[in-house]
$ cat target.pdb   # PDB, C-alpha atoms
ATOM      1  CA  MET H 840       6.634   1.300 -20.192
ATOM      2  CA  LYS H 841       7.347   2.311 -16.609
ATOM      3  CA  ARG H 842       8.989  -0.197 -14.264
ATOM      4  CA  ILE H 843       7.901  -0.468 -10.633
ATOM      5  CA  LEU H 844       9.746  -2.399  -7.951
ATOM      6  CA  THR H 845       7.502  -3.673  -5.189
ATOM      7  CA  ILE H 846       9.196  -4.709  -1.951
ATOM      8  CA  GLN H 847       7.047  -6.782   0.389
ATOM      9  CA  ASP H 848       6.544 -10.345   1.543
ATOM     10  CA  ILE H 849       5.275 -13.303  -0.414
ATOM     11  CA  SER H 850       2.476 -15.014   1.477
ATOM     12  CA  CYS H 851       2.103 -18.159  -0.588
ATOM     13  CA  VAL H 852      -1.584 -18.500   0.316
ATOM     14  CA  GLY H 853      -3.827 -15.614   1.262
ATOM     15  CA  GLN H 854      -4.301 -13.159  -1.639
ATOM     16  CA  CYS H 855      -2.177 -10.374  -0.186
ATOM     17  CA  SER H 856       1.187  -8.626  -0.508
ATOM     18  CA  THR H 857       3.207  -9.641  -3.577
ATOM     19  CA  THR H 858       0.631 -12.126  -4.882
ATOM     20  CA  VAL H 859      -1.748  -9.161  -5.164
ATOM     21  CA  ALA H 860       0.753  -6.471  -6.189
ATOM     22  CA  LEU H 861       2.319  -8.325  -9.114
ATOM     23  CA  PRO H 862      -0.884  -9.115 -11.039
ATOM     24  CA  LEU H 863      -2.619  -5.812 -10.301
ATOM     25  CA  VAL H 864       0.295  -3.519 -11.163
ATOM     26  CA  SER H 865       0.830  -5.609 -14.307
ATOM     27  CA  ALA H 866      -2.863  -5.300 -15.173
ATOM     28  CA  CYS H 867      -2.402  -1.528 -15.075
ATOM     29  CA  GLY H 868       0.014  -1.865 -17.963
ATOM     30  CA  VAL H 869       3.128  -1.257 -15.884
ATOM     31  CA  GLU H 870       6.114  -3.581 -15.559
ATOM     32  CA  CYS H 871       6.267  -4.937 -12.014
ATOM     33  CA  ALA H 872       9.538  -6.254 -10.616
ATOM     34  CA  ILE H 873       9.495  -7.848  -7.170
ATOM     35  CA  LEU H 874      11.866  -8.061  -4.224
ATOM     36  CA  PRO H 875      10.459 -10.376  -1.531
ATOM     37  CA  SER H 876      11.161  -9.282   2.038
ATOM     38  CA  ALA H 877      10.098 -12.677   3.415
ATOM     39  CA  VAL H 878       8.285 -15.843   2.401
ATOM     40  CA  LEU H 879       5.370 -17.060   4.497
ATOM     41  CA  SER H 880       3.345 -20.201   4.015
ATOM     42  CA  ASN H 881       0.226 -18.058   4.469
ATOM     43  CA  HIS H 882      -0.573 -14.650   5.883
ATOM     44  CA  THR H 883      -0.971 -14.033   9.604
ATOM     45  CA  GLY H 884      -4.601 -12.946   9.631
ATOM     46  CA  GLY H 885      -7.049 -15.623  10.665
ATOM     47  CA  PHE H 886      -4.746 -18.617  10.218
ATOM     48  CA  SER H 887      -3.700 -20.434  13.387
ATOM     49  CA  SER H 888      -0.027 -20.697  12.380
ATOM     50  CA  TRP H 889       2.413 -19.974   9.586
ATOM     51  CA  THR H 890       6.024 -20.398   8.472
ATOM     52  CA  TYR H 891       8.283 -17.384   8.045
ATOM     53  CA  ALA H 892      11.559 -17.174   6.128
ATOM     54  CA  ASP H 893      13.332 -13.833   6.589
ATOM     55  CA  LEU H 894      15.032 -12.633   3.383
ATOM     56  CA  THR H 895      16.706  -9.538   4.829
ATOM     57  CA  PRO H 896      20.259 -10.598   3.817
ATOM     58  CA  GLU H 897      19.131 -10.974   0.214
ATOM     59  CA  LEU H 898      18.011  -7.353  -0.061
ATOM     60  CA  THR H 899      21.579  -6.066  -0.047
ATOM     61  CA  ASN H 900      22.822  -8.922  -2.249
ATOM     62  CA  VAL H 901      20.195  -8.138  -4.867
ATOM     63  CA  GLU H 902      20.910  -4.410  -4.662
ATOM     64  CA  HIS H 903      24.599  -4.990  -5.373
ATOM     65  CA  LYS H 904      23.785  -7.171  -8.384
ATOM     66  CA  TRP H 905      21.350  -4.605  -9.769
ATOM     67  CA  ASN H 906      23.951  -1.868  -9.346
ATOM     68  CA  GLU H 907      26.439  -4.042 -11.215
ATOM     69  CA  LEU H 908      23.964  -4.649 -14.040
ATOM     70  CA  GLY H 909      22.685  -1.065 -14.177
ATOM     71  CA  ILE H 910      19.099  -2.057 -13.378
ATOM     72  CA  THR H 911      16.950   0.888 -12.242
ATOM     73  CA  PHE H 912      13.302   1.586 -11.474
ATOM     74  CA  ASP H 913      10.865   4.415 -12.126
ATOM     75  CA  ALA H 914       8.978   3.811  -8.884
ATOM     76  CA  PHE H 915       9.253   1.909  -5.619
ATOM     77  CA  TYR H 916       6.223   0.539  -3.801
ATOM     78  CA  THR H 917       6.691  -0.996  -0.362
ATOM     79  CA  GLY H 918       4.244  -3.024   1.693
ATOM     80  CA  TYR H 919       4.694  -5.481   4.563
ATOM     81  CA  VAL H 920       8.356  -5.321   5.634
ATOM     82  CA  GLY H 921      10.302  -5.910   8.844
ATOM     83  CA  GLU H 922      12.228  -3.590  11.135
ATOM     84  CA  SER H 923      15.647  -4.792   9.964
ATOM     85  CA  GLN H 924      14.675  -4.099   6.351
ATOM     86  CA  ILE H 925      14.007  -0.360   6.559
ATOM     87  CA  ASP H 926      17.618   0.753   6.030
ATOM     88  CA  PRO H 927      18.337  -1.720   3.186
ATOM     89  CA  ILE H 928      15.148  -0.585   1.449
ATOM     90  CA  LEU H 929      16.129   3.078   1.732
ATOM     91  CA  SER H 930      19.499   2.201   0.225
ATOM     92  CA  ILE H 931      17.832   0.419  -2.700
ATOM     93  CA  MET H 932      15.525   3.373  -3.299
ATOM     94  CA  SER H 933      18.582   5.601  -3.526
ATOM     95  CA  SER H 934      20.977   3.474  -5.577
ATOM     96  CA  CYS H 935      18.447   1.852  -7.943
ATOM     97  CA  ALA H 936      16.381   4.901  -8.865
ATOM     98  CA  ALA H 937      16.106   5.726 -12.550
ATOM     99  CA  PRO H 938      18.061   8.764 -13.782
ATOM    100  CA  GLY H 939      16.133  11.819 -12.663
ATOM    101  CA  GLY H 940      14.682  10.039  -9.654
ATOM    102  CA  ALA H 941      11.941   7.557  -8.857
ATOM    103  CA  VAL H 942       8.529   7.835  -7.216
ATOM    104  CA  ARG H 943       8.336   6.361  -3.705
ATOM    105  CA  VAL H 944       5.014   4.873  -2.578
ATOM    106  CA  VAL H 945       4.920   3.541   0.988
ATOM    107  CA  ASP H 946       2.038   1.451   2.257
ATOM    108  CA  PRO H 947       2.908   1.204   5.985
ATOM    109  CA  ALA H 948       1.300  -2.228   6.245
ATOM    110  CA  MET H 949       1.653  -2.942   9.946
ATOM    111  CA  ALA H 950      -1.684  -2.544  11.719
ATOM    112  CA  ASP H 951      -5.474  -2.488  11.496
ATOM    113  CA  ASN H 952      -8.513  -2.428  13.755
ATOM    114  CA  GLY H 953      -6.647  -0.522  16.462
ATOM    115  CA  ARG H 954      -3.613  -2.784  16.865
ATOM    116  CA  LEU H 955      -0.338  -3.869  15.285
ATOM    117  CA  TYR H 956      -0.154  -7.062  13.259
ATOM    118  CA  ALA H 957       1.219 -10.163  14.975
ATOM    119  CA  GLY H 958       5.007 -10.197  15.138
ATOM    120  CA  PHE H 959       5.609  -6.418  15.242
ATOM    121  CA  ALA H 960       7.139  -4.858  18.375
ATOM    122  CA  ASP H 961       5.453  -1.858  19.968
ATOM    123  CA  ASP H 962       8.170   0.490  18.675
ATOM    124  CA  PHE H 963       7.879  -0.650  15.059
ATOM    125  CA  PRO H 964       5.817   2.406  13.989
ATOM    126  CA  VAL H 965       8.855   4.575  14.785
ATOM    127  CA  LYS H 966      10.891   2.490  12.339
ATOM    128  CA  MET H 967       8.159   2.655   9.693
ATOM    129  CA  ALA H 968       8.017   6.449  10.079
ATOM    130  CA  LYS H 969      11.612   6.519   8.863
ATOM    131  CA  LEU H 970      10.508   4.896   5.607
ATOM    132  CA  CYS H 971       7.677   7.427   5.280
ATOM    133  CA  ASN H 972      10.107  10.350   5.585
ATOM    134  CA  GLY H 973      10.711  11.594   2.055
ATOM    135  CA  ALA H 974       8.117   9.307   0.473
ATOM    136  CA  ASP H 975       6.158  10.802  -2.400
ATOM    137  CA  TYR H 976       3.002   9.003  -1.261
ATOM    138  CA  ILE H 977       2.042   7.189   1.935
ATOM    139  CA  LEU H 978      -1.169   5.166   2.232
ATOM    140  CA  PRO H 979      -1.918   4.439   5.898
ATOM    141  CA  ASN H 980      -5.245   3.311   7.305
ATOM    142  CA  LEU H 981      -6.558   5.046  10.427
ATOM    143  CA  THR H 982      -4.778   2.674  12.819
ATOM    144  CA  GLU H 983      -1.447   2.947  11.009
ATOM    145  CA  ALA H 984      -1.753   6.719  10.748
ATOM    146  CA  ALA H 985      -2.320   7.138  14.476
ATOM    147  CA  LEU H 986       0.558   4.828  15.391
ATOM    148  CA  LEU H 987       2.912   6.575  12.962
ATOM    149  CA  VAL H 988       2.372   9.927  14.684
ATOM    150  CA  GLY H 989       2.338   8.514  18.216
ATOM    151  CA  ASP H 990      -1.400   8.792  18.835
ATOM    152  CA  GLU H 991      -3.800   6.257  20.294
ATOM    153  CA  PRO H 992      -5.808   4.771  17.397
ATOM    154  CA  ARG H 993      -9.403   5.962  17.033
ATOM    155  CA  LEU H 994     -11.607   4.262  14.476
ATOM    156  CA  GLU H 995     -14.949   5.961  15.082
ATOM    157  CA  GLY H 996     -16.310   9.401  15.826
ATOM    158  CA  LEU H 997     -13.591  11.280  13.949
ATOM    159  CA  SER H 998     -14.694  14.659  12.631
ATOM    160  CA  ARG H 999     -13.407  16.353   9.497
ATOM    161  CA  ASP H1000     -11.181  18.503  11.713
ATOM    162  CA  ASP H1001      -9.807  15.354  13.396
ATOM    163  CA  ILE H1002      -8.979  13.795  10.038
ATOM    164  CA  GLU H1003      -7.332  16.911   8.702
ATOM    165  CA  PHE H1004      -5.260  17.366  11.845
ATOM    166  CA  LEU H1005      -4.120  13.752  11.540
ATOM    167  CA  VAL H1006      -3.218  14.298   7.886
ATOM    168  CA  THR H1007      -1.192  17.361   8.879
ATOM    169  CA  LYS H1008       0.719  15.264  11.408
ATOM    170  CA  LEU H1009       1.432  12.654   8.731
ATOM    171  CA  HIS H1010       2.889  15.319   6.456
ATOM    172  CA  GLY H1011       5.044  16.249   9.422
ATOM    173  CA  LEU H1012       6.764  12.870   9.067
ATOM    174  CA  GLY H1013       8.162  14.086   5.747
ATOM    175  CA  ALA H1014       5.587  12.555   3.402
ATOM    176  CA  LYS H1015       4.833  14.711   0.363
ATOM    177  CA  ASN H1016       1.360  13.294  -0.307
ATOM    178  CA  VAL H1017      -0.931  11.466   2.123
ATOM    179  CA  ILE H1018      -3.732   9.109   1.159
ATOM    180  CA  LEU H1019      -5.496   8.252   4.411
ATOM    181  CA  THR H1020      -7.924   5.335   4.104
ATOM    182  CA  GLY H1021     -10.775   4.228   6.328
ATOM    183  CA  VAL H1022     -12.247   7.745   6.552
ATOM    184  CA  SER H1023     -15.963   7.999   7.295
ATOM    185  CA  PHE H1024     -18.289  10.802   8.329
ATOM    186  CA  LYS H1025     -21.536   8.875   7.766
ATOM    187  CA  PRO H1026     -22.451   5.303   8.816
ATOM    188  CA  ASP H1027     -23.136   4.207   5.242
ATOM    189  CA  GLU H1028     -19.923   5.462   3.605
ATOM    190  CA  LEU H1029     -16.216   4.714   3.700
ATOM    191  CA  GLY H1030     -13.421   6.396   1.834
ATOM    192  CA  SER H1031     -10.153   8.262   1.813
ATOM    193  CA  ALA H1032      -8.639  11.689   2.310
ATOM    194  CA  VAL H1033      -6.129  12.642  -0.390
ATOM    195  CA  SER H1034      -3.744  15.442   0.541
ATOM    196  CA  ASP H1035      -0.831  17.151  -1.168
ATOM    197  CA  GLY H1036      -0.071  19.225   1.918
ATOM    198  CA  LYS H1037      -2.081  22.187   0.648
ATOM    199  CA  THR H1038      -5.530  20.837  -0.157
ATOM    200  CA  ILE H1039      -7.485  17.743   0.890
ATOM    201  CA  GLU H1040      -9.959  15.926  -1.356
ATOM    202  CA  TYR H1041     -12.316  13.203  -0.158
ATOM    203  CA  ASP H1042     -13.502  10.130  -2.013
ATOM    204  CA  PHE H1043     -16.287   7.907  -0.662
ATOM    205  CA  ASN H1044     -17.964   4.641  -1.606
ATOM    206  CA  PRO H1045     -20.963   2.911  -0.031
ATOM    207  CA  ARG H1046     -19.796   0.999   3.044
ATOM    208  CA  ILE H1047     -19.666  -2.790   2.652
ATOM    209  CA  ASN H1048     -20.170  -4.408   6.033
ATOM    210  CA  ARG H1049     -17.653  -7.185   5.659
ATOM    211  CA  MET H1050     -14.167  -7.597   7.123
ATOM    212  CA  SER H1051     -11.800  -8.804   4.414
ATOM    213  CA  HIS H1052      -8.071  -9.530   4.438
ATOM    214  CA  GLY H1053      -5.839  -8.053   1.736
ATOM    215  CA  THR H1054      -7.990  -5.100   0.700
ATOM    216  CA  GLY H1055      -5.275  -2.625   1.676
ATOM    217  CA  ASP H1056      -2.837  -4.411  -0.622
ATOM    218  CA  ILE H1057      -5.329  -4.260  -3.476
ATOM    219  CA  TYR H1058      -5.854  -0.558  -2.864
ATOM    220  CA  ALA H1059      -2.141   0.260  -2.735
ATOM    221  CA  SER H1060      -1.347  -1.825  -5.817
ATOM    222  CA  VAL H1061      -4.050  -0.271  -7.988
ATOM    223  CA  PHE H1062      -3.183   3.204  -6.706
ATOM    224  CA  THR H1063       0.479   2.759  -7.634
ATOM    225  CA  GLY H1064      -0.225   1.224 -11.024
ATOM    226  CA  ALA H1065      -2.798   3.855 -11.949
ATOM    227  CA  LEU H1066      -0.524   6.657 -10.759
ATOM    228  CA  MET H1067       2.250   5.398 -13.016
ATOM    229  CA  ARG H1068      -0.207   5.285 -15.912
ATOM    230  CA  GLY H1069      -0.792   9.010 -15.563
ATOM    231  CA  ARG H1070      -3.777   9.198 -13.239
ATOM    232  CA  SER H1071      -3.739  12.020 -10.702
ATOM    233  CA  PRO H1072      -3.384  10.965  -7.048
ATOM    234  CA  PHE H1073      -7.108  11.563  -6.465
ATOM    235  CA  GLU H1074      -8.097   9.649  -9.606
ATOM    236  CA  ALA H1075      -5.774   6.781  -8.674
ATOM    237  CA  ALA H1076      -7.209   6.661  -5.142
ATOM    238  CA  ALA H1077     -10.789   6.689  -6.410
ATOM    239  CA  LEU H1078     -10.086   3.906  -8.898
ATOM    240  CA  ALA H1079      -8.326   1.860  -6.229
ATOM    241  CA  ALA H1080     -11.377   2.131  -3.969
ATOM    242  CA  ASP H1081     -13.707   1.138  -6.797
ATOM    243  CA  VAL H1082     -11.622  -1.956  -7.537
ATOM    244  CA  VAL H1083     -11.600  -2.942  -3.852
ATOM    245  CA  CYS H1084     -15.392  -2.635  -3.689
ATOM    246  CA  GLU H1085     -15.800  -4.654  -6.867
ATOM    247  CA  ALA H1086     -13.456  -7.353  -5.565
ATOM    248  CA  ILE H1087     -15.355  -7.636  -2.280
ATOM    249  CA  SER H1088     -18.699  -7.825  -4.101
ATOM    250  CA  GLN H1089     -17.348 -10.656  -6.288
ATOM    251  CA  THR H1090     -16.114 -12.704  -3.308
ATOM    252  CA  ALA H1091     -18.098 -15.652  -1.969
ATOM    253  CA  GLU H1092     -19.287 -15.425   1.625
ATOM    254  CA  ASP H1093     -17.251 -18.463   2.695
ATOM    255  CA  HIS H1094     -14.031 -17.134   1.126
ATOM    256  CA  TRP H1095     -12.632 -15.784   4.392
ATOM    257  CA  TYR H1096      -8.849 -15.414   3.910
ATOM    258  CA  GLY H1097      -8.894 -12.746   1.198
ATOM    259  CA  VAL H1098     -11.015 -11.312  -1.590
ATOM    260  CA  SER H1099     -11.340 -12.415  -5.205
ATOM    261  CA  PHE H1100      -9.480  -9.479  -6.715
ATOM    262  CA  GLU H1101      -8.932 -11.519  -9.883
ATOM    263  CA  ARG H1102     -12.578 -10.962 -10.800
ATOM    264  CA  ALA H1103     -12.121  -7.187 -10.603
ATOM    265  CA  ILE H1104      -9.221  -7.081 -13.072
ATOM    266  CA  PRO H1105     -11.481  -6.632 -16.141
ATOM    267  CA  MET H1106     -13.026  -3.566 -14.494
ATOM    268  CA  LEU H1107      -9.558  -2.177 -13.751
ATOM    269  CA  THR H1108      -8.197  -2.620 -17.263
ATOM    270  CA  LYS H1109     -11.383  -1.217 -18.794
ATOM    271  CA  ALA H1110     -11.234   1.888 -16.580
ATOM    272  CA  LEU H1111      -7.601   2.587 -17.465
ATOM    273  CA  SER H1112      -8.235   1.965 -21.158
ATOM    274  CA  GLU H1113     -11.152   4.376 -21.187
ATOM    275  CA  SER H1114      -9.229   7.076 -19.308
ATOM    276  CA  GLY H1115      -6.859   7.691 -22.179
ATOM    277  CA  THR H1116      -4.076   8.626 -19.754
ATOM    278  CA  GLU H1117      -0.517   7.508 -20.180
ATOM    279  CA  ASN H1118       2.690   8.439 -18.428
TER     280      ASN H1118
END

$ encode --input "target.pdb" --output "structure tokens"
Amino acid sequence: MKRILTIQDISCVGQCSTTVALPLVSACGVECAILPSAVLSNHTGGFSSWTYADLTPELTNVEHKWNELGITFDAFYTGYVGESQIDPILSIMSSCAAPGGAVRVVDPAMADNGRLYAGFADDFPVKMAKLCNGADYILPNLTEAALLVGDEPRLEGLSRDDIEFLVTKLHGLGAKNVILTGVSFKPDELGSAVSDGKTIEYDFNPRINRMSHGTGDIYASVFTGALMRGRSPFEAAALAADVVCEAISQTAEDHWYGVSFERAIPMLTKALSESGTEN
């Protein structure tokens, strides 16, 4: 069984970050270790206030203990992290990689809908780009992608040429594979562009006209878990999108702070069981 380390915050309430990553990666049949970057009472989207405990000093302490114990990982998957945590995370990815190397998946969780999340400084995308350099896979949405390459975010009216030029810029950061989400060429569809730097494949689902918190975390978690179970990047991206759509469809209208991803887990496990893939 492969072992993934996910490094991101724990938002105690809100169905996002580690509380999404741990169950979904585990449901993929992959061991999921966690390293919390911070602990929040609740996530920052839609709530009027929150507590925040920065765990940056613990990252290095934990790394030293793992090095002492010989604990290593087959893959690293990062989500919501702070500026001061980029260098410690890069050190962990280097010193705690399994013999032969480990897959690096970076979800640059920092922005959406044309703007940075609350609490991030305007220059944070430059710091996040450092984490993307050398990553095997990065999974930005349109806003994050634009900010990473120094562009003004555009969410509508993007042509295929626009998307592919943006993907090329993202590869220029040093990312080996790019999975760009939020791509749409028709009003009734939404999907992703999956690029290995040579070819680009597109995956689309019917658009669901509902704004939901935590869907990016669901997508990244399923993508990483499925990838480590032997799915190709395109297959993992397509499955991740299907699970997100299923989770949204299973969520009550008045459930505003996240989506009921728990109800999509049977679909996820069934899909991976039927695929017959194993890595």

$ resolve_selection --input "target.pdb" --expression "the PyMOL selection byres ((chain H and resi 1027-1037) around 10)" --output "PDB file with C-alpha atoms, in the frame of the given file"
ATOM      1  CA  ASP H 975       6.158  10.802  -2.400  1.00  0.00           C
ATOM      2  CA  TYR H 976       3.002   9.003  -1.261  1.00  0.00           C
ATOM      3  CA  LEU H 978      -1.169   5.166   2.232  1.00  0.00           C
ATOM      4  CA  PRO H 979      -1.918   4.439   5.898  1.00  0.00           C
ATOM      5  CA  ASN H 980      -5.245   3.311   7.305  1.00  0.00           C
ATOM      6  CA  LEU H 981      -6.558   5.046  10.427  1.00  0.00           C
ATOM      7  CA  ARG H 999     -13.407  16.353   9.497  1.00  0.00           C
ATOM      8  CA  ILE H1002      -8.979  13.795  10.038  1.00  0.00           C
ATOM      9  CA  GLU H1003      -7.332  16.911   8.702  1.00  0.00           C
ATOM     10  CA  VAL H1006      -3.218  14.298   7.886  1.00  0.00           C
ATOM     11  CA  THR H1007      -1.192  17.361   8.879  1.00  0.00           C
ATOM     12  CA  LEU H1009       1.432  12.654   8.731  1.00  0.00           C
ATOM     13  CA  HIS H1010       2.889  15.319   6.456  1.00  0.00           C
ATOM     14  CA  GLY H1011       5.044  16.249   9.422  1.00  0.00           C
ATOM     15  CA  ALA H1014       5.587  12.555   3.402  1.00  0.00           C
ATOM     16  CA  LYS H1015       4.833  14.711   0.363  1.00  0.00           C
ATOM     17  CA  ASN H1016       1.360  13.294  -0.307  1.00  0.00           C
ATOM     18  CA  VAL H1017      -0.931  11.466   2.123  1.00  0.00           C
ATOM     19  CA  ILE H1018      -3.732   9.109   1.159  1.00  0.00           C
ATOM     20  CA  LEU H1019      -5.496   8.252   4.411  1.00  0.00           C
ATOM     21  CA  THR H1020      -7.924   5.335   4.104  1.00  0.00           C
ATOM     22  CA  GLY H1021     -10.775   4.228   6.328  1.00  0.00           C
ATOM     23  CA  VAL H1022     -12.247   7.745   6.552  1.00  0.00           C
ATOM     24  CA  SER H1023     -15.963   7.999   7.295  1.00  0.00           C
ATOM     25  CA  PHE H1024     -18.289  10.802   8.329  1.00  0.00           C
ATOM     26  CA  LYS H1025     -21.536   8.875   7.766  1.00  0.00           C
ATOM     27  CA  PRO H1026     -22.451   5.303   8.816  1.00  0.00           C
ATOM     28  CA  THR H1038      -5.530  20.837  -0.157  1.00  0.00           C
ATOM     29  CA  ILE H1039      -7.485  17.743   0.890  1.00  0.00           C
ATOM     30  CA  GLU H1040      -9.959  15.926  -1.356  1.00  0.00           C
ATOM     31  CA  TYR H1041     -12.316  13.203  -0.158  1.00  0.00           C
ATOM     32  CA  ASP H1042     -13.502  10.130  -2.013  1.00  0.00           C
ATOM     33  CA  PHE H1043     -16.287   7.907  -0.662  1.00  0.00           C
ATOM     34  CA  ASN H1044     -17.964   4.641  -1.606  1.00  0.00           C
ATOM     35  CA  PRO H1045     -20.963   2.911  -0.031  1.00  0.00           C
ATOM     36  CA  ARG H1046     -19.796   0.999   3.044  1.00  0.00           C
ATOM     37  CA  ILE H1047     -19.666  -2.790   2.652  1.00  0.00           C
ATOM     38  CA  ASN H1048     -20.170  -4.408   6.033  1.00  0.00           C
ATOM     39  CA  PRO H1072      -3.384  10.965  -7.048  1.00  0.00           C
ATOM     40  CA  PHE H1073      -7.108  11.563  -6.465  1.00  0.00           C
ATOM     41  CA  GLU H1074      -8.097   9.649  -9.606  1.00  0.00           C
ATOM     42  CA  ALA H1076      -7.209   6.661  -5.142  1.00  0.00           C
ATOM     43  CA  ALA H1077     -10.789   6.689  -6.410  1.00  0.00           C
ATOM     44  CA  ALA H1080     -11.377   2.131  -3.969  1.00  0.00           C
TER      45      ALA H1080
END

$ resolve_selection --input "target.pdb" --expression "the PyMOL selection byres ((chain H and resi 853-860) around 8)" --output "number ranges by chain"
H: 845-852, 861-864, 873, 875, 881-882, 918-919, 1052-1054, 1056-1057, 1060, 1096-1100

$ resolve_selection --input "target.pdb" --expression "the PyMOL selection byres ((chain H and resi 896-906) around 10)" --output "number ranges by chain"
H: 846, 874-877, 893-895, 907-911, 923-924, 926-928, 930-932, 934-935

$ write_last_selection --input "target.pdb" --atoms "C-alpha atoms" --output "mmCIF file, in the coordinates of the input"
data_model
loop_
_atom_site.group_PDB
_atom_site.id
_atom_site.type_symbol
_atom_site.label_atom_id
_atom_site.label_comp_id
_atom_site.auth_asym_id
_atom_site.auth_seq_id
_atom_site.Cartn_x
_atom_site.Cartn_y
_atom_site.Cartn_z
ATOM 1 C CA ILE H 846 9.196 -4.709 -1.951
ATOM 2 C CA LEU H 874 11.866 -8.061 -4.224
ATOM 3 C CA PRO H 875 10.459 -10.376 -1.531
ATOM 4 C CA SER H 876 11.161 -9.282 2.038
ATOM 5 C CA ALA H 877 10.098 -12.677 3.415
ATOM 6 C CA ASP H 893 13.332 -13.833 6.589
ATOM 7 C CA LEU H 894 15.032 -12.633 3.383
ATOM 8 C CA THR H 895 16.706 -9.538 4.829
ATOM 9 C CA GLU H 907 26.439 -4.042 -11.215
ATOM 10 C CA LEU H 908 23.964 -4.649 -14.040
ATOM 11 C CA GLY H 909 22.685 -1.065 -14.177
ATOM 12 C CA ILE H 910 19.099 -2.057 -13.378
ATOM 13 C CA THR H 911 16.950 0.888 -12.242
ATOM 14 C CA SER H 923 15.647 -4.792 9.964
ATOM 15 C CA GLN H 924 14.675 -4.099 6.351
ATOM 16 C CA ASP H 926 17.618 0.753 6.030
ATOM 17 C CA PRO H 927 18.337 -1.720 3.186
ATOM 18 C CA ILE H 928 15.148 -0.585 1.449
ATOM 19 C CA SER H 930 19.499 2.201 0.225
ATOM 20 C CA ILE H 931 17.832 0.419 -2.700
ATOM 21 C CA MET H 932 15.525 3.373 -3.299
ATOM 22 C CA SER H 934 20.977 3.474 -5.577
ATOM 23 C CA CYS H 935 18.447 1.852 -7.943
#

$ atom_distance --input "target.pdb" --atom1 "atom CA of H:Val869" --atom2 "atom CA of H:Gly1064"
6.4 Å

$ residues_near_point --input "target.pdb" --point "(-0.7, -2.9, 6.3)" --cutoff "7 Å" --atoms "all atoms listed in the file" --output "number ranges by chain"
H: 918-919, 946-950, 1055

$ write_last_selection --input "target.pdb" --atoms "C-alpha atoms" --output "short mmCIF file (atom, residue, chain, number, x, y, z; two decimals), in the frame of the given file"
data_model
loop_
_atom_site.label_atom_id
_atom_site.label_comp_id
_atom_site.auth_asym_id
_atom_site.auth_seq_id
_atom_site.Cartn_x
_atom_site.Cartn_y
_atom_site.Cartn_z
CA GLY H 918 4.24 -3.02 1.69
CA TYR H 919 4.69 -5.48 4.56
CA ASP H 946 2.04 1.45 2.26
CA PRO H 947 2.91 1.20 5.98
CA ALA H 948 1.30 -2.23 6.24
CA MET H 949 1.65 -2.94 9.95
CA ALA H 950 -1.68 -2.54 11.72
CA GLY H 1055 -5.28 -2.62 1.68
#

$ atom_distance --input "target.pdb" --atom1 "atom CA of H:Glu1101" --atom2 "atom CA of H:Ile977"
24.7 Å

$ closest_residue --input "target.pdb" --among "H:Glu1113, H:Glu922, H:Glu1085, H:Asp913" --to "H:Lys969" --atoms "all atoms listed in the file"
H:Glu922

$ closest_residue --input "target.pdb" --among "H:Met1106, H:Arg954, H:Phe886, H:Val942" --to "H:Arg842" --atoms "only C-alpha atoms"
H:Val942

$ atom_distance --input "target.pdb" --atom1 "atom CA of H:Ala872" --atom2 "atom CA of H:Ala957"
27.2 Å

$ build_atoms --input "target.pdb" --residues "stretch 1047-1057 of chain H" --atoms "N, CA and C atoms" --output "mmCIF file, keeping the file's coordinate frame"
data_model
loop_
_atom_site.group_PDB
_atom_site.id
_atom_site.type_symbol
_atom_site.label_atom_id
_atom_site.label_comp_id
_atom_site.auth_asym_id
_atom_site.auth_seq_id
_atom_site.Cartn_x
_atom_site.Cartn_y
_atom_site.Cartn_z
ATOM 1 N N ILE H 1047 -19.351 -1.361 2.749
ATOM 2 C CA ILE H 1047 -19.666 -2.790 2.652
ATOM 3 C C ILE H 1047 -19.351 -3.405 4.009
ATOM 4 N N ASN H 1048 -20.352 -3.891 4.671
ATOM 5 C CA ASN H 1048 -20.170 -4.408 6.033
ATOM 6 C C ASN H 1048 -19.620 -5.830 6.011
ATOM 7 N N ARG H 1049 -18.349 -5.895 5.678
ATOM 8 C CA ARG H 1049 -17.653 -7.185 5.659
ATOM 9 C C ARG H 1049 -16.169 -6.945 5.925
ATOM 10 N N MET H 1050 -15.600 -7.691 6.854
ATOM 11 C CA MET H 1050 -14.167 -7.597 7.123
ATOM 12 C C MET H 1050 -13.435 -8.545 6.179
ATOM 13 N N SER H 1051 -12.498 -8.001 5.419
ATOM 14 C CA SER H 1051 -11.800 -8.804 4.414
ATOM 15 C C SER H 1051 -10.301 -8.571 4.495
ATOM 16 N N HIS H 1052 -9.526 -9.647 4.454
ATOM 17 C CA HIS H 1052 -8.071 -9.530 4.438
ATOM 18 C C HIS H 1052 -7.593 -9.129 3.043
ATOM 19 N N GLY H 1053 -6.507 -8.354 2.996
ATOM 20 C CA GLY H 1053 -5.839 -8.053 1.736
ATOM 21 C C GLY H 1053 -6.379 -6.867 0.965
ATOM 22 N N THR H 1054 -7.426 -6.212 1.470
ATOM 23 C CA THR H 1054 -7.990 -5.100 0.700
ATOM 24 C C THR H 1054 -7.033 -3.902 0.645
ATOM 25 N N GLY H 1055 -6.250 -3.709 1.701
ATOM 26 C CA GLY H 1055 -5.275 -2.625 1.676
ATOM 27 C C GLY H 1055 -4.216 -2.841 0.616
ATOM 28 N N ASP H 1056 -3.827 -4.090 0.407
ATOM 29 C CA ASP H 1056 -2.837 -4.411 -0.622
ATOM 30 C C ASP H 1056 -3.410 -4.178 -2.017
ATOM 31 N N ILE H 1057 -4.675 -4.526 -2.194
ATOM 32 C CA ILE H 1057 -5.329 -4.260 -3.476
ATOM 33 C C ILE H 1057 -5.350 -2.757 -3.745
#
